[in-house]
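Single-structure report; data block below.
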There are 2 protein chains.
Amino acid sequence: MLKRRQFLKMGSAAVASSLLTLPVVTAANTTATTALFQPNRYRVLALVFDDYETLDLHGPIEMLGHMPNVEIKLVGPTEFVKSYQGPRVVADVLMDSTYDCDLLLIPGGLGTRTLVDNVPMLQWLAAQVECSEKVFSICTGSALLAKTTKLSGVTATTNKMAYKWVTSLAENVNWQPKARWVDDGKFLTSSGVSAGTDAALYWVKTLHGEVEARRIETLTEYHWVDDSSNDPYAVSL
Amino acid sequence: MLKRRQFLKMGSAAVASSLLTLPVVTAANTTATTALFQPNRYRVLALVFDDYETLDLHGPIEMLGHMPNVEIKLVGPTEFVKSYQGPRVVADVLMDSTYDCDLLLIPGGLGTRTLVDNVPMLQWLAAQVECSEKVFSICTGSALLAKTTKLSGVTATTNKMAYKWVTSLAENVNWQPKARWVDDGKFLTSSGVSAGTDAALYWVKTLHGEVEARRIETLTEYHWVDDSSNDPYAVSL
């Protein structure tokens, strides 16, 4: 694993020219590690970046965080990461390595508008997808995924308010204009912001059954939109 | 204003015996300050503490954060505060002073179970309520409020899964067993976890009108439970 301190000493033209100070993670310098999580946990790794959308991240974390035996960690470009709404979170680890996990969360938000052009970040994300068992994007998080080319041939959805922009980034994705969420193989993609919370409960149901999903819905006094075809924000093409 | 460093040098038996290391804020040593927020903003101050419930905090922050001209800051007992679900937030300021604000958010969560016996924290909260224009509790955040005695004579609600416990803390509150949220004078109190997100949109509507609340509902692709009497988790007494 390339330590952040070592990296900073090394310097890098690619990093210096990027919008974020990120190490370039390639096959040559990436070593996946299991050290981040305790053994025998359901390992959720969530990506954070400046101007991520608050509920994209914390809605799913709320629901997933009530599953049995779960551990949730944040990975970001810097230790402190500021949401679009203002409050900051603490990244548990930096993008100086990739991390084996069971579920990779990718929120959206205004920050994705510049990150889609951040080559080192996209290289890191592509490598991180490879060592993630399942990948779950919320809102315009799918824009980042699309730019890694990992969504090629995948049926997916995204934020309906930013539908034109996201779908313009990768034409070889089978984009769905009407879906609260779509689960296709390795990728679970949700519609905008609050749709991620509903998709997270769907994922709890997939892993642990409906009784467990309903238990968490009740515990959080939530009104779960449990039908992925119930999408009042569907885009008319 | 009593600086945190000064306080730590002073020492305090009351603080030493408390569960959190908190300065005792009383009328004598509290000076409310406006320095925290930029001028002419709608100033939202949100309380955080270890084992706060993620969505209690971030659901309302999501909705309030899309209002025009808003600024949202976190206040906590320590710089880093860990949610019940694991991820940490950064407190912008500590409880070594109180802060003039327009809206004080008080989330709930497992952490309230011990905080209700934390006298210095409750003293700080009572003083903070005094310099907050409006106070909005989510879930068992109402337990903390109730223990300050500030809810005396107020019509209020709370988490329905913890209804017995919260209502046992203060009998002179007009507790409502069926309500998604209750707005009574200075206090807006919501039911459990996700109810806070619905109550936040209600508050946007109150401040800016229904068109603005619907704009934010659409922007976040949310299914707003906009009727405060729609409470499937109501408690039968």
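Labeling convention for the structure tokens: chains A, B, ... as they appear, residues from 1 per chain, ligands from 1 in order of appearance.
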
Write out as a tab-separated table a residue-level contact list of chain A versus chain B with cut-off 9 Å: for each qualifying residue the closest pair of atoms and the distance in Å to one decimal, counting only C-alpha atoms, rows sorted by chain and residue number upward.
residue	atom	partner	partner_atom	distance
A:Glu53	CA	B:Glu62	CA	7.7
A:Thr54	CA	B:Glu62	CA	5.7
A:Leu55	CA	B:Glu62	CA	5.8
A:His58	CA	B:Leu55	CA	6.3
A:Gly59	CA	B:Leu55	CA	6.1
A:Ile61	CA	B:Gln85	CA	6.9
A:Glu62	CA	B:Thr54	CA	5.7
A:Met63	CA	B:Leu55	CA	8.9
A:Leu64	CA	B:Gln85	CA	8.4
A:Gly65	CA	B:Gln85	CA	4.9
A:His66	CA	B:Gln85	CA	7.3
A:Val70	CA	B:Gln85	CA	8.9
A:Glu71	CA	B:Gly86	CA	7.2
A:Ile72	CA	B:Gly86	CA	6.0
A:Lys73	CA	B:Pro87	CA	6.2
A:Leu74	CA	B:Pro87	CA	6.7
A:Phe80	CA	B:Val90	CA	7.8
A:Tyr84	CA	B:Gly65	CA	8.0
A:Gln85	CA	B:Gly65	CA	4.9
A:Gly86	CA	B:Ile72	CA	6.0
A:Pro87	CA	B:Lys73	CA	6.2
A:Arg88	CA	B:Val90	CA	5.4
A:Val89	CA	B:Val89	CA	4.1
A:Val90	CA	B:Arg88	CA	5.4
A:Ala91	CA	B:Arg88	CA	7.9
A:Asp92	CA	B:Pro87	CA	8.0
A:Asn159	CA	B:Glu221	CA	8.2
A:Lys160	CA	B:Glu221	CA	8.0
A:Met161	CA	B:Leu219	CA	6.9
A:Ser191	CA	B:Glu221	CA	7.8
A:Gly192	CA	B:Glu221	CA	5.6
A:Val193	CA	B:Thr220	CA	5.1
A:Ser194	CA	B:Tyr222	CA	5.4
A:Ala195	CA	B:Glu221	CA	6.8
A:Thr218	CA	B:Tyr233	CA	7.7
A:Leu219	CA	B:Met161	CA	6.8
A:Thr220	CA	B:Val193	CA	5.1
A:Glu221	CA	B:Gly192	CA	5.6
A:Tyr222	CA	B:Ser194	CA	5.4
A:His223	CA	B:Val225	CA	8.1
A:Val225	CA	B:His223	CA	8.1
A:Asp231	CA	B:Glu221	CA	8.8
A:Pro232	CA	B:Glu221	CA	8.2
A:Tyr233	CA	B:Glu221	CA	6.6

Problem - Secondary structure check, strand (DSSP E or B) residues of stretch 63-178 of chain A, as a PyMOL selection string - result: chain A and resi 70-76+80-83+88-90+93-94+99+101-106+132-137+155-156+174-175

Exercise for the section: Pick out the residues sitting within 7 Å of stretch 107-117 of chain A, and hand them over as a ChimeraX atom specification; count only C-alpha atoms, and ignore anything fewer than 5 positions along from it in its own chain. Expected result: /A:47,49-53,56-57,137-141,143-144,147

Practice task
Enumerate the residues of stretch 4-227 of chain B with a DSSP assignment of alpha helix (DSSP H), computed from the backbone, and present them as a PyMOL selection string.
Solution key: chain B and resi 4-10+13-16+54-64+112-115+119-130+141-147+163-168+195-208+210-219

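Comparing B:Leu45, B:Leu94, B:Ala170, B:Leu201 by their smallest distance to B:Glu133, the closest is B:Leu45 (using only C-alpha atoms).
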
Problem - For A:Leu104: contacts at 7 Å, only C-alpha atoms, fewer than 2 positions along chain excluded, given as a ChimeraX atom specification - result: /A:44-46,101-102,106,132,134-136

Written file, previous selection with C-alpha atoms, as a JSON list (two decimals), in the first residue's frame:
[["chain", "number", "residue", "atom", "x", "y", "z"],
["A", 44, "VAL", "CA", -19.80, -0.91, 3.93],
["A", 45, "LEU", "CA", -17.40, 1.64, 2.46],
["A", 46, "ALA", "CA", -18.90, 5.02, 1.54],
["A", 101, "CYS", "CA", -15.58, -4.30, 1.05],
["A", 102, "ASP", "CA", -18.98, -5.90, 0.63],
["A", 106, "ILE", "CA", -21.28, 6.32, -4.05],
["A", 132, "SER", "CA", -16.08, -4.21, -3.89],
["A", 134, "LYS", "CA", -21.49, -4.83, -4.66],
["A", 135, "VAL", "CA", -21.62, -1.19, -5.73],
["A", 136, "PHE", "CA", -24.53, 1.10, -4.81]]
